[in-house]
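Asker: My structure is in target.csv, and what it holds is CSV, C-alpha atoms and all ligand atoms:
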```
chain,number,residue,atom,x,y,z
U,1,MET,CA,72.0,93.4,74.4
U,2,THR,CA,69.6,96.1,73.2
U,3,VAL,CA,70.4,98.7,70.6
U,4,THR,CA,70.7,101.4,73.3
U,5,GLU,CA,73.1,99.2,75.4
U,6,LYS,CA,75.2,98.6,72.3
U,7,LYS,CA,75.4,102.4,71.7
U,8,MET,CA,76.4,103.0,75.3
U,9,VAL,CA,79.1,100.4,75.1
U,10,ALA,CA,80.5,102.0,71.9
U,11,GLN,CA,80.5,105.4,73.6
U,12,ILE,CA,82.2,104.0,76.7
U,13,GLN,CA,84.9,102.4,74.5
U,14,SER,CA,85.5,105.7,72.7
U,15,LEU,CA,85.6,107.8,75.9
U,16,LYS,CA,88.0,105.3,77.4
U,17,LYS,CA,90.5,105.9,74.6
U,18,GLU,CA,90.0,109.7,74.8
U,19,ARG,CA,90.5,109.7,78.6
U,20,ARG,CA,93.3,107.1,78.6
U,21,ALA,CA,91.1,105.2,81.1
U,22,ILE,CA,90.8,101.6,82.1
U,23,ILE,CA,87.7,100.0,83.6
U,24,LEU,CA,88.1,97.6,86.4
U,25,ALA,CA,85.1,95.4,87.5
U,26,HIS,CA,84.7,93.2,90.6
U,27,ASN,CA,83.6,89.7,90.1
U,28,TYR,CA,80.2,90.6,91.7
U,29,GLN,CA,79.3,93.4,89.2
U,30,VAL,CA,76.4,92.9,86.8
U,31,GLY,CA,77.2,91.0,83.6
U,32,GLU,CA,77.1,94.0,81.2
U,33,ILE,CA,79.7,95.9,83.4
U,34,GLN,CA,81.9,92.8,83.5
U,35,ASP,CA,81.7,92.5,79.7
U,36,VAL,CA,82.8,96.0,79.0
U,37,ALA,CA,85.6,96.0,81.6
U,38,ASP,CA,89.3,95.7,80.8
U,39,PHE,CA,89.8,93.5,83.8
U,40,VAL,CA,87.4,91.5,86.1
U,41,GLY,CA,88.7,90.1,89.3
U,42,ASP,CA,88.8,90.3,93.1
U,43,SER,CA,89.7,93.6,94.8
U,44,LEU,CA,93.4,93.2,95.1
U,45,GLU,CA,93.9,91.7,91.6
U,46,LEU,CA,92.2,94.7,90.2
U,47,CYS,CA,94.3,97.2,92.2
U,48,GLN,CA,97.4,95.4,91.1
U,49,LYS,CA,96.3,95.6,87.5
U,50,ALA,CA,95.6,99.3,87.9
U,51,ALA,CA,99.1,99.9,89.2
U,52,GLN,CA,100.7,98.0,86.4
U,53,ILE,CA,98.8,99.6,83.5
U,54,ASP,CA,99.7,102.8,81.7
U,55,ALA,CA,96.5,104.8,82.1
U,56,ASP,CA,95.5,108.2,83.4
U,57,VAL,CA,92.1,107.2,84.8
U,58,ILE,CA,90.8,104.2,86.6
U,59,VAL,CA,87.1,103.7,86.6
U,60,PHE,CA,86.5,101.3,89.5
U,61,CYS,CA,83.2,99.4,89.2
U,62,GLY,CA,83.1,97.8,92.7
U,63,VAL,CA,82.5,99.3,96.1
U,64,LEU,CA,84.1,102.2,98.0
U,65,PHE,CA,86.8,100.4,99.9
U,66,MET,CA,88.1,98.9,96.7
U,67,ALA,CA,88.3,102.3,95.0
U,68,GLU,CA,90.0,103.7,98.1
U,69,THR,CA,92.6,100.9,97.9
U,70,ALA,CA,93.2,101.7,94.2
U,71,ALA,CA,93.7,105.4,95.2
U,72,VAL,CA,96.2,104.4,97.9
U,73,LEU,CA,98.2,102.1,95.5
U,74,CYS,CA,97.9,104.3,92.5
U,75,PRO,CA,98.4,107.9,93.7
U,76,ASN,CA,99.3,109.3,90.3
U,77,GLN,CA,96.0,108.1,88.6
U,78,VAL,CA,92.5,109.6,88.9
U,79,VAL,CA,90.3,106.9,90.4
U,80,LEU,CA,86.6,107.3,89.7
U,81,MET,CA,83.5,105.5,91.0
U,82,PRO,CA,80.3,105.7,88.9
U,83,ASP,CA,78.0,105.7,92.0
U,84,LEU,CA,79.2,106.8,95.4
U,85,SER,CA,76.4,104.9,97.1
U,86,ALA,CA,78.3,101.7,96.5
U,87,GLY,CA,79.5,101.1,100.0
U,88,CYS,CA,80.0,97.8,101.7
U,89,GLY,CA,78.0,96.5,104.6
U,90,MET,CA,80.9,94.7,106.1
U,91,SER,CA,83.5,97.5,105.9
U,92,GLU,CA,80.9,99.9,107.4
U,93,MET,CA,80.5,97.7,110.5
U,94,ILE,CA,83.8,98.8,112.0
U,95,SER,CA,85.0,102.4,112.7
U,96,VAL,CA,88.5,103.6,113.6
U,97,ASP,CA,87.2,104.2,117.2
U,98,ASP,CA,86.0,100.5,117.4
U,99,LEU,CA,89.5,99.4,116.3
U,100,ILE,CA,91.3,101.7,118.7
U,101,ARG,CA,89.1,100.4,121.6
U,102,MET,CA,90.2,96.8,120.7
U,103,LYS,CA,93.8,97.8,120.5
U,104,GLN,CA,93.6,99.5,123.9
U,105,ALA,CA,92.2,96.3,125.3
U,106,HIS,CA,94.9,94.2,123.7
U,107,PRO,CA,98.0,96.5,123.5
U,108,ASN,CA,100.4,93.8,122.3
U,109,ALA,CA,98.2,92.3,119.6
U,110,VAL,CA,99.0,92.4,115.9
U,111,VAL,CA,96.1,93.8,113.9
U,112,VAL,CA,95.3,91.8,110.8
U,113,CYS,CA,92.8,93.7,108.7
U,114,TYR,CA,90.8,92.1,105.8
U,115,VAL,CA,91.0,94.4,102.8
U,116,ASN,CA,87.2,94.8,103.0
U,117,SER,CA,87.7,97.8,105.3
U,118,SER,CA,88.0,101.6,104.9
U,119,ALA,CA,91.4,103.2,104.2
U,120,ALA,CA,91.2,104.8,107.7
U,121,VAL,CA,90.7,101.4,109.4
U,122,LYS,CA,93.6,99.9,107.3
U,123,ALA,CA,95.7,102.9,108.5
U,124,GLU,CA,95.2,101.8,112.1
U,125,SER,CA,96.1,98.2,111.3
U,126,ASP,CA,99.5,96.4,111.2
U,127,VAL,CA,98.9,94.2,108.1
U,128,CYS,CA,96.2,93.6,105.6
U,129,CYS,CA,95.0,90.3,104.2
U,130,THR,CA,92.7,89.1,101.4
U,131,SER,CA,90.5,86.0,101.6
U,132,SER,CA,93.1,84.1,99.5
U,133,ASN,CA,96.2,85.0,101.6
U,134,ALA,CA,94.7,85.4,105.1
U,135,LYS,CA,96.1,82.0,106.3
U,136,LYS,CA,99.6,82.8,105.1
U,137,ILE,CA,99.5,86.3,106.7
U,138,VAL,CA,98.3,84.9,110.1
U,139,GLU,CA,101.0,82.1,109.9
U,140,SER,CA,103.7,84.7,109.4
U,141,ILE,CA,102.9,86.3,112.8
U,142,PRO,CA,105.1,85.0,115.7
U,143,LYS,CA,103.2,82.5,117.7
U,144,ASP,CA,103.7,84.4,121.0
U,145,ARG,CA,101.8,87.4,119.7
U,146,GLU,CA,98.1,87.9,120.1
U,147,ILE,CA,96.2,88.6,116.9
U,148,ILE,CA,93.2,90.9,116.4
U,149,PHE,CA,91.4,90.0,113.2
U,150,ILE,CA,89.0,92.5,111.7
U,151,PRO,CA,86.3,93.0,110.5
U,152,ASP,CA,84.9,89.6,109.2
U,153,GLN,CA,84.2,87.1,112.0
U,154,TYR,CA,83.6,84.3,109.5
U,155,LEU,CA,86.8,84.7,107.5
U,156,GLY,CA,88.6,85.0,110.9
U,157,ALA,CA,87.0,81.8,112.2
U,158,HIS,CA,87.9,80.0,109.0
U,159,VAL,CA,91.5,81.1,109.4
U,160,MET,CA,91.5,80.0,113.0
U,161,ARG,CA,90.3,76.5,111.9
U,162,GLN,CA,93.0,76.4,109.2
U,163,THR,CA,95.9,77.6,111.4
U,164,GLY,CA,94.9,76.4,114.8
U,165,ARG,CA,95.7,80.0,116.0
U,166,LYS,CA,93.3,81.7,118.4
U,167,MET,CA,92.5,85.2,117.4
U,168,ILE,CA,90.4,88.0,118.8
U,169,LEU,CA,87.7,88.5,116.3
U,170,TYR,CA,85.7,91.6,115.5
U,171,ASN,CA,82.0,90.7,115.1
U,172,GLY,CA,81.6,92.0,111.6
U,173,TYR,CA,80.2,90.0,108.7
U,174,CYS,CA,79.1,90.3,105.1
U,175,PRO,CA,75.3,90.9,105.0
U,176,THR,CA,75.2,89.1,101.6
U,177,HIS,CA,77.1,85.9,102.5
U,178,VAL,CA,75.4,85.7,105.9
U,179,ARG,CA,72.1,85.0,104.1
U,180,MET,CA,73.3,81.7,102.9
U,181,MET,CA,71.3,78.9,104.6
U,182,ALA,CA,72.8,75.5,105.2
U,183,GLY,CA,69.4,73.9,104.7
U,184,GLU,CA,68.9,75.5,101.3
U,185,LEU,CA,72.5,74.4,100.3
U,186,ALA,CA,71.7,70.9,101.4
U,187,GLU,CA,68.7,70.8,99.2
U,188,VAL,CA,70.8,72.1,96.2
U,189,ILE,CA,73.4,69.4,96.9
U,190,VAL,CA,70.7,66.7,97.0
U,191,LYS,CA,69.4,67.9,93.6
U,192,HIS,CA,72.9,67.9,92.1
U,193,PRO,CA,74.8,65.0,93.7
U,194,SER,CA,77.6,65.0,91.2
U,195,ALA,CA,78.4,68.7,91.7
U,196,THR,CA,81.5,70.0,93.4
U,197,VAL,CA,80.7,72.7,96.0
U,198,LEU,CA,82.8,75.9,96.3
U,199,ALA,CA,82.2,78.4,99.0
U,200,HIS,CA,83.6,81.8,99.9
U,201,PRO,CA,85.1,82.1,103.4
U,202,GLU,CA,82.8,85.0,104.2
U,203,CYS,CA,80.0,82.4,104.4
U,204,PRO,CA,78.9,81.2,107.9
U,205,GLN,CA,80.6,78.0,109.2
U,206,PRO,CA,77.8,75.5,108.3
U,207,ILE,CA,78.1,76.6,104.6
U,208,SER,CA,81.9,76.2,104.7
U,209,ALA,CA,81.6,72.9,106.3
U,210,SER,CA,79.4,71.6,103.5
U,211,ALA,CA,81.8,72.8,100.8
U,212,ASP,CA,84.5,70.7,99.0
U,213,TYR,CA,86.6,73.9,98.9
U,214,VAL,CA,86.5,77.2,100.7
U,215,LEU,CA,88.1,79.7,98.4
U,216,SER,CA,88.4,83.4,97.5
U,217,THR,CA,86.6,84.6,94.3
U,218,SER,CA,89.8,84.2,92.4
U,219,GLY,CA,90.2,80.7,93.9
U,220,ILE,CA,86.7,79.8,92.9
U,221,ALA,CA,87.4,81.0,89.3
U,222,LEU,CA,90.6,78.8,89.2
U,223,GLN,CA,89.0,75.7,90.8
U,224,SER,CA,86.1,76.0,88.4
U,225,LYS,CA,88.5,75.6,85.5
U,226,LYS,CA,90.5,72.8,87.2
U,227,THR,CA,87.6,70.6,88.4
U,228,SER,CA,86.6,67.6,86.3
U,229,ALA,CA,83.0,68.0,87.7
U,230,GLN,CA,80.5,69.2,85.1
U,231,LYS,CA,78.4,70.9,87.7
U,232,VAL,CA,79.6,73.4,90.3
U,233,ILE,CA,77.6,74.7,93.2
U,234,VAL,CA,78.8,78.2,94.1
U,235,ALA,CA,78.2,79.7,97.6
U,236,THR,CA,79.1,83.3,97.1
U,237,GLU,CA,77.5,86.5,95.7
U,238,ILE,CA,75.5,85.5,92.5
U,239,GLY,CA,77.4,88.0,90.2
U,240,MET,CA,80.3,85.5,90.3
U,241,LEU,CA,78.3,83.1,88.2
U,242,HIS,CA,78.4,85.4,85.1
U,243,ARG,CA,82.2,85.1,85.0
U,244,LEU,CA,82.3,81.4,85.8
U,245,SER,CA,79.8,80.5,83.0
U,246,LYS,CA,81.6,82.7,80.5
U,247,GLU,CA,85.0,81.1,81.3
U,248,ASN,CA,83.6,77.6,81.5
U,249,PRO,CA,80.8,77.3,78.9
U,250,ASP,CA,80.9,73.5,79.1
U,251,LYS,CA,80.0,73.4,82.8
U,252,GLU,CA,76.9,74.2,84.8
U,253,PHE,CA,77.1,76.6,87.7
U,254,ILE,CA,74.4,76.5,90.3
U,255,PRO,CA,74.0,79.2,93.0
U,256,ALA,CA,73.8,77.9,96.6
U,257,CYS,CA,71.6,80.9,97.2
U,258,SER,CA,69.9,82.5,94.2
U,259,TYR,CA,68.8,85.6,96.1
U,260,CYS,CA,72.2,86.4,97.7
U,261,ASP,CA,73.2,89.4,95.8
U,262,CYS,CA,75.0,92.4,97.1
U,263,ALA,CA,72.9,95.6,96.6
U,264,HIS,CA,76.0,97.8,96.8
U,265,MET,CA,77.7,95.9,94.0
U,266,LYS,CA,74.6,96.1,91.9
U,267,VAL,CA,74.1,99.8,91.8
U,268,ASN,CA,76.4,100.2,88.8
U,269,ASP,CA,75.1,100.0,85.3
U,270,LEU,CA,76.2,101.0,81.8
U,271,GLU,CA,74.5,104.3,81.9
U,272,LYS,CA,76.3,105.3,85.2
U,273,LEU,CA,79.6,104.0,83.8
U,274,LEU,CA,79.2,106.1,80.7
U,275,TRP,CA,78.2,109.2,82.7
U,276,SER,CA,81.3,108.6,85.0
U,277,LEU,CA,83.6,108.8,82.0
U,278,GLU,CA,81.8,111.7,80.4
U,279,GLU,CA,81.8,113.9,83.6
U,280,MET,CA,84.9,112.4,85.3
U,281,GLN,CA,82.8,111.6,88.3
U,282,TYR,CA,83.1,110.7,91.2
U,283,PRO,CA,86.8,111.0,92.0
U,284,ILE,CA,88.0,109.0,95.0
U,285,THR,CA,90.7,110.5,97.2
U,286,VAL,CA,92.4,109.4,100.4
U,287,SER,CA,94.2,112.0,102.5
U,288,ALA,CA,98.0,111.7,102.2
U,289,SER,CA,98.5,110.7,105.9
U,290,VAL,CA,95.9,108.0,105.9
U,291,ALA,CA,97.1,106.7,102.5
U,292,ALA,CA,100.7,106.5,103.7
U,293,ARG,CA,99.7,104.4,106.8
U,294,ALA,CA,97.2,102.3,104.9
U,295,LYS,CA,99.8,101.5,102.3
U,296,GLU,CA,102.2,100.3,105.0
U,297,ALA,CA,99.6,97.7,106.1
U,298,ILE,CA,99.0,96.7,102.4
U,299,ASP,CA,102.8,96.5,101.7
U,300,ARG,CA,103.3,94.3,104.7
U,301,MET,CA,100.8,91.9,103.3
U,302,LEU,CA,102.4,92.0,99.9
U,303,SER,CA,105.8,91.3,101.4
U,304,VAL,CA,104.6,88.0,102.9
U,305,SER,CA,102.0,86.8,100.4
U,306,GLU,CA,102.5,85.3,97.0
U,307,VAL,CA,100.7,88.2,95.4
U,308,VAL,CA,103.0,90.1,93.1
U,309,GLN,CA,103.8,93.6,94.5
U,310,CYS,CA,102.7,96.4,92.3
U,401,LIG,S1,79.4,91.2,99.0
U,401,LIG,FE1,79.6,91.7,101.2
U,401,LIG,S2,81.8,92.1,101.6
U,401,LIG,FE2,81.4,92.2,99.3
U,401,LIG,S3,80.9,94.4,98.9
U,401,LIG,FE3,79.0,93.4,99.3
U,401,LIG,S4,78.6,93.7,101.5
U,401,LIG,FE4,80.7,94.1,101.1
```
Could you rewrite the structure in this file as structure tokens?
Answerer:
Amino acid sequence: MTVTEKKMVAQIQSLKKERRAIILAHNYQVGEIQDVADFVGDSLELCQKAAQIDADVIVFCGVLFMAETAAVLCPNQVVLMPDLSAGCGMSEMISVDDLIRMKQAHPNAVVVCYVNSSAAVKAESDVCCTSSNAKKIVESIPKDREIIFIPDQYLGAHVMRQTGRKMILYNGYCPTHVRMMAGELAEVIVKHPSATVLAHPECPQPISASADYVLSTSGIALQSKKTSAQKVIVATEIGMLHRLSKENPDKEFIPACSYCDCAHMKVNDLEKLLWSLEEMQYPITVSASVAARAKEAIDRMLSVSEVVQC
């Protein structure tokens, strides 16, 4: 870390105290943001942390849908994002109108909405899910009900394989995970034959099929600790490797795709984080009516998943 970066970290720590703020960083953030954060995790873990912690301000270093979820779950705290351009390619693929059209075509279907979606889309959905609890959420729906699964077709297809349930899938995808190539992964596996392979369910099916485990980012973190393998091939956004290497210094983590990084996740840096705390920018708000309906879909998820309700 340079002298300037050290100074910025010291200023961030001091402003954090002054503002009674906490910094939450997603697993895909750049290393220096992860290192200065109070908590690093997946989107729901971070929102739950936010709701449990006595703070006035939450600086969310992730993408917009995550900050919106924090605003929905923590209405009494100020939620800030250091850079408003941090959107999410997947969540932007589906609009409320797209979902309404699907609901009109399948009026009796239950809508399961991956949390990687806007608050407005969540508000039009029946129940949310994360990549770690999607199977459980789908299994909780009566077998005679049709299911619309939005927006990630690859997570949806993975859950269909896990549960044997047919679902109506929206054709969204993560522009980062879709770049994973089965041929490249095969070459990495040949180079590291003793490695265990962990893949995120947003990856296309040929990648999931080559993996020993298909897991959420929190699942990848847990399995990386548990495995006796000394080498782990990781098929997800490359920011994840910073946390894995830090938590498991005795193991080697090899990216399945070294260029698969999410441009949205990477817009944050220390300078923007410091500025965010100095200027209290940019506040994220969700209208009360949308927040109330989005929270219902999130609460339904929490009532059937193992995730502790905040
Ligand atoms: S990695 Fe994919 S799903 Fe995650 S924020 Fe980036 S574009 Fe969205």
Asker: Find the residues near ligand LIG 401 (chain U). Use a cut-off of 8 Å, count all atoms listed in the file, and write them as a list in words.
Answerer: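 The neighbouring residues of ligand LIG 401 (chain U) are, in order, Tyr28, Gly62, Val63, Gly87, Cys88, Gly89, Met90, Ser91, Asn116, Tyr173, Cys174, Pro175, Thr176, His177, Glu202, Glu237, Asp261, Cys262, Ala263, His264 and Met265 of chain U.
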Asker: Write out as a short mmCIF file (atom, residue, chain, number, x, y, z; two decimals) with C-alpha atoms, in the coordinates of the input each polymer residue whose atoms come within 10 Å of Leu15 of chain U, counting all atoms listed in the file; drop sequence neighbours fewer than 5 positions from it.
Answerer:
```
data_model
loop_
_atom_site.label_atom_id
_atom_site.label_comp_id
_atom_site.auth_asym_id
_atom_site.auth_seq_id
_atom_site.Cartn_x
_atom_site.Cartn_y
_atom_site.Cartn_z
CA VAL U 9 79.10 100.40 75.10
CA ALA U 10 80.50 102.00 71.90
CA ARG U 20 93.30 107.10 78.60
CA ALA U 21 91.10 105.20 81.10
CA LEU U 274 79.20 106.10 80.70
CA LEU U 277 83.60 108.80 82.00
CA GLU U 278 81.80 111.70 80.40
#
```
Asker: Nearest to Ala229 of chain U: which of U:His242, U:Gln77, U:Lys251, U:Leu215 is it, counting only C-alpha atoms?
Answerer: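 Among U:His242, U:Gln77, U:Lys251, U:Leu215, it is U:Lys251 that comes nearest to Ala229 of chain U.
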Asker: Taking 6 positions as the minimum chain separation for residues in the same chain, which residues sit within 6 Å of Tyr170 of chain U when counting all atoms listed in the file? Answer as JSON, numbers by chain.
Answerer: {"U": [150, 151, 153]}
Asker: Please save C-alpha atoms of the selected residues as a short mmCIF file (atom, residue, chain, number, x, y, z; two decimals), in the frame of the given file.
Answerer:
```cif
data_model
loop_
_atom_site.label_atom_id
_atom_site.label_comp_id
_atom_site.auth_asym_id
_atom_site.auth_seq_id
_atom_site.Cartn_x
_atom_site.Cartn_y
_atom_site.Cartn_z
CA ILE U 150 89.00 92.50 111.70
CA PRO U 151 86.30 93.00 110.50
CA GLN U 153 84.20 87.10 112.00
#
```
Asker: Pick the closest to Asp38 of chain U from U:Val72, U:Asp56, U:Lys103, U:Lys16: which is it, counting only C-alpha atoms?
Answerer: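 Answer, going by the shortest atom-to-atom distance: U:Lys16.
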Asker: Using only C-alpha atoms, can you tell me which of U:Gln230, U:Gln34, U:Asn76, U:Ser85 comes closest to Ile53 of chain U?
Answerer: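 Among the listed residues, U:Asn76 lies closest to Ile53 of chain U.
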Asker: Which residue is closest to Cys74 of chain U? Choose from U:Leu302, U:Ala292, U:Ala120, U:Leu99 and count all atoms listed in the file.
Answerer: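 Using all atoms listed in the file, Cys74 of chain U sits closest to U:Ala292.
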Asker: What's around Val178 of chain U at 10 Å? Count only C-alpha atoms, leave out sequence neighbours fewer than 5 positions away in its own chain, and write the answer as a PyMOL selection string.
Answerer: chain U and resi 154+173+202-205+207+236+260
Asker: Would you pull segment 225-251 of chain U out of the block just shown and save N, CA and C atoms as a PDB file, in the first residue's frame?
Answerer:
```
ATOM      1  N   LYS U 225     -12.550 -23.192   2.856  1.00  0.00           N
ATOM      2  CA  LYS U 225     -11.977 -23.469   4.183  1.00  0.00           C
ATOM      3  C   LYS U 225     -12.028 -24.957   4.474  1.00  0.00           C
ATOM      4  N   LYS U 226     -13.155 -25.580   4.098  1.00  0.00           N
ATOM      5  CA  LYS U 226     -13.385 -26.992   4.455  1.00  0.00           C
ATOM      6  C   LYS U 226     -12.537 -27.974   3.654  1.00  0.00           C
ATOM      7  N   THR U 227     -12.272 -27.656   2.404  1.00  0.00           N
ATOM      8  CA  THR U 227     -11.644 -28.640   1.530  1.00  0.00           C
ATOM      9  C   THR U 227     -10.214 -28.988   1.986  1.00  0.00           C
ATOM     10  N   SER U 228      -9.864 -30.257   1.783  1.00  0.00           N
ATOM     11  CA  SER U 228      -8.488 -30.660   2.099  1.00  0.00           C
ATOM     12  C   SER U 228      -7.569 -30.412   0.891  1.00  0.00           C
ATOM     13  N   ALA U 229      -8.161 -30.068  -0.248  1.00  0.00           N
ATOM     14  CA  ALA U 229      -7.346 -29.791  -1.446  1.00  0.00           C
ATOM     15  C   ALA U 229      -6.497 -28.543  -1.208  1.00  0.00           C
ATOM     16  N   GLN U 230      -5.284 -28.575  -1.679  1.00  0.00           N
ATOM     17  CA  GLN U 230      -4.392 -27.425  -1.512  1.00  0.00           C
ATOM     18  C   GLN U 230      -4.565 -26.405  -2.634  1.00  0.00           C
ATOM     19  N   LYS U 231      -5.203 -26.859  -3.718  1.00  0.00           N
ATOM     20  CA  LYS U 231      -5.447 -25.951  -4.841  1.00  0.00           C
ATOM     21  C   LYS U 231      -6.946 -25.897  -5.113  1.00  0.00           C
ATOM     22  N   VAL U 232      -7.443 -24.691  -5.347  1.00  0.00           N
ATOM     23  CA  VAL U 232      -8.871 -24.520  -5.610  1.00  0.00           C
ATOM     24  C   VAL U 232      -9.028 -23.688  -6.883  1.00  0.00           C
ATOM     25  N   ILE U 233      -9.737 -24.244  -7.850  1.00  0.00           N
ATOM     26  CA  ILE U 233     -10.050 -23.485  -9.072  1.00  0.00           C
ATOM     27  C   ILE U 233     -11.411 -22.820  -8.843  1.00  0.00           C
ATOM     28  N   VAL U 234     -11.457 -21.502  -9.055  1.00  0.00           N
ATOM     29  CA  VAL U 234     -12.653 -20.737  -8.706  1.00  0.00           C
ATOM     30  C   VAL U 234     -13.278 -20.144  -9.966  1.00  0.00           C
ATOM     31  N   ALA U 235     -14.509 -20.555 -10.245  1.00  0.00           N
ATOM     32  CA  ALA U 235     -15.221 -20.039 -11.424  1.00  0.00           C
ATOM     33  C   ALA U 235     -16.260 -19.024 -10.968  1.00  0.00           C
ATOM     34  N   THR U 236     -15.780 -17.828 -10.681  1.00  0.00           N
ATOM     35  CA  THR U 236     -16.672 -16.700 -10.414  1.00  0.00           C
ATOM     36  C   THR U 236     -15.875 -15.422 -10.646  1.00  0.00           C
ATOM     37  N   GLU U 237     -16.472 -14.292 -10.336  1.00  0.00           N
ATOM     38  CA  GLU U 237     -15.807 -13.003 -10.559  1.00  0.00           C
ATOM     39  C   GLU U 237     -14.475 -12.990  -9.802  1.00  0.00           C
ATOM     40  N   ILE U 238     -13.416 -12.451 -10.414  1.00  0.00           N
ATOM     41  CA  ILE U 238     -12.076 -12.653  -9.853  1.00  0.00           C
ATOM     42  C   ILE U 238     -11.819 -11.930  -8.524  1.00  0.00           C
ATOM     43  N   GLY U 239     -12.663 -10.923  -8.194  1.00  0.00           N
ATOM     44  CA  GLY U 239     -12.491 -10.238  -6.912  1.00  0.00           C
ATOM     45  C   GLY U 239     -12.597 -11.195  -5.735  1.00  0.00           C
ATOM     46  N   MET U 240     -13.297 -12.288  -5.931  1.00  0.00           N
ATOM     47  CA  MET U 240     -13.501 -13.290  -4.871  1.00  0.00           C
ATOM     48  C   MET U 240     -12.170 -13.879  -4.400  1.00  0.00           C
ATOM     49  N   LEU U 241     -11.198 -13.911  -5.295  1.00  0.00           N
ATOM     50  CA  LEU U 241      -9.929 -14.565  -4.943  1.00  0.00           C
ATOM     51  C   LEU U 241      -9.170 -13.812  -3.850  1.00  0.00           C
ATOM     52  N   HIS U 242      -9.387 -12.510  -3.742  1.00  0.00           N
ATOM     53  CA  HIS U 242      -8.707 -11.727  -2.693  1.00  0.00           C
ATOM     54  C   HIS U 242      -9.116 -12.250  -1.322  1.00  0.00           C
ATOM     55  N   ARG U 243     -10.428 -12.372  -1.118  1.00  0.00           N
ATOM     56  CA  ARG U 243     -10.929 -12.857   0.182  1.00  0.00           C
ATOM     57  C   ARG U 243     -10.470 -14.300   0.436  1.00  0.00           C
ATOM     58  N   LEU U 244     -10.573 -15.141  -0.596  1.00  0.00           N
ATOM     59  CA  LEU U 244     -10.231 -16.564  -0.409  1.00  0.00           C
ATOM     60  C   LEU U 244      -8.753 -16.723  -0.033  1.00  0.00           C
ATOM     61  N   SER U 245      -7.884 -15.981  -0.706  1.00  0.00           N
ATOM     62  CA  SER U 245      -6.444 -16.089  -0.425  1.00  0.00           C
ATOM     63  C   SER U 245      -6.126 -15.552   0.967  1.00  0.00           C
ATOM     64  N   LYS U 246      -6.833 -14.489   1.359  1.00  0.00           N
ATOM     65  CA  LYS U 246      -6.601 -13.898   2.682  1.00  0.00           C
ATOM     66  C   LYS U 246      -7.044 -14.864   3.793  1.00  0.00           C
ATOM     67  N   GLU U 247      -8.175 -15.524   3.568  1.00  0.00           N
ATOM     68  CA  GLU U 247      -8.712 -16.427   4.597  1.00  0.00           C
ATOM     69  C   GLU U 247      -8.022 -17.789   4.618  1.00  0.00           C
ATOM     70  N   ASN U 248      -7.359 -18.138   3.504  1.00  0.00           N
ATOM     71  CA  ASN U 248      -6.731 -19.458   3.410  1.00  0.00           C
ATOM     72  C   ASN U 248      -5.317 -19.306   2.848  1.00  0.00           C
ATOM     73  N   PRO U 249      -4.404 -18.706   3.648  1.00  0.00           N
ATOM     74  CA  PRO U 249      -3.080 -18.396   3.102  1.00  0.00           C
ATOM     75  C   PRO U 249      -2.274 -19.635   2.722  1.00  0.00           C
ATOM     76  N   ASP U 250      -2.668 -20.798   3.221  1.00  0.00           N
ATOM     77  CA  ASP U 250      -1.932 -22.034   2.914  1.00  0.00           C
ATOM     78  C   ASP U 250      -2.403 -22.681   1.612  1.00  0.00           C
ATOM     79  N   LYS U 251      -3.453 -22.135   0.998  1.00  0.00           N
ATOM     80  CA  LYS U 251      -3.997 -22.752  -0.222  1.00  0.00           C
ATOM     81  C   LYS U 251      -3.777 -21.854  -1.445  1.00  0.00           C
TER      82      LYS U 251
END
```
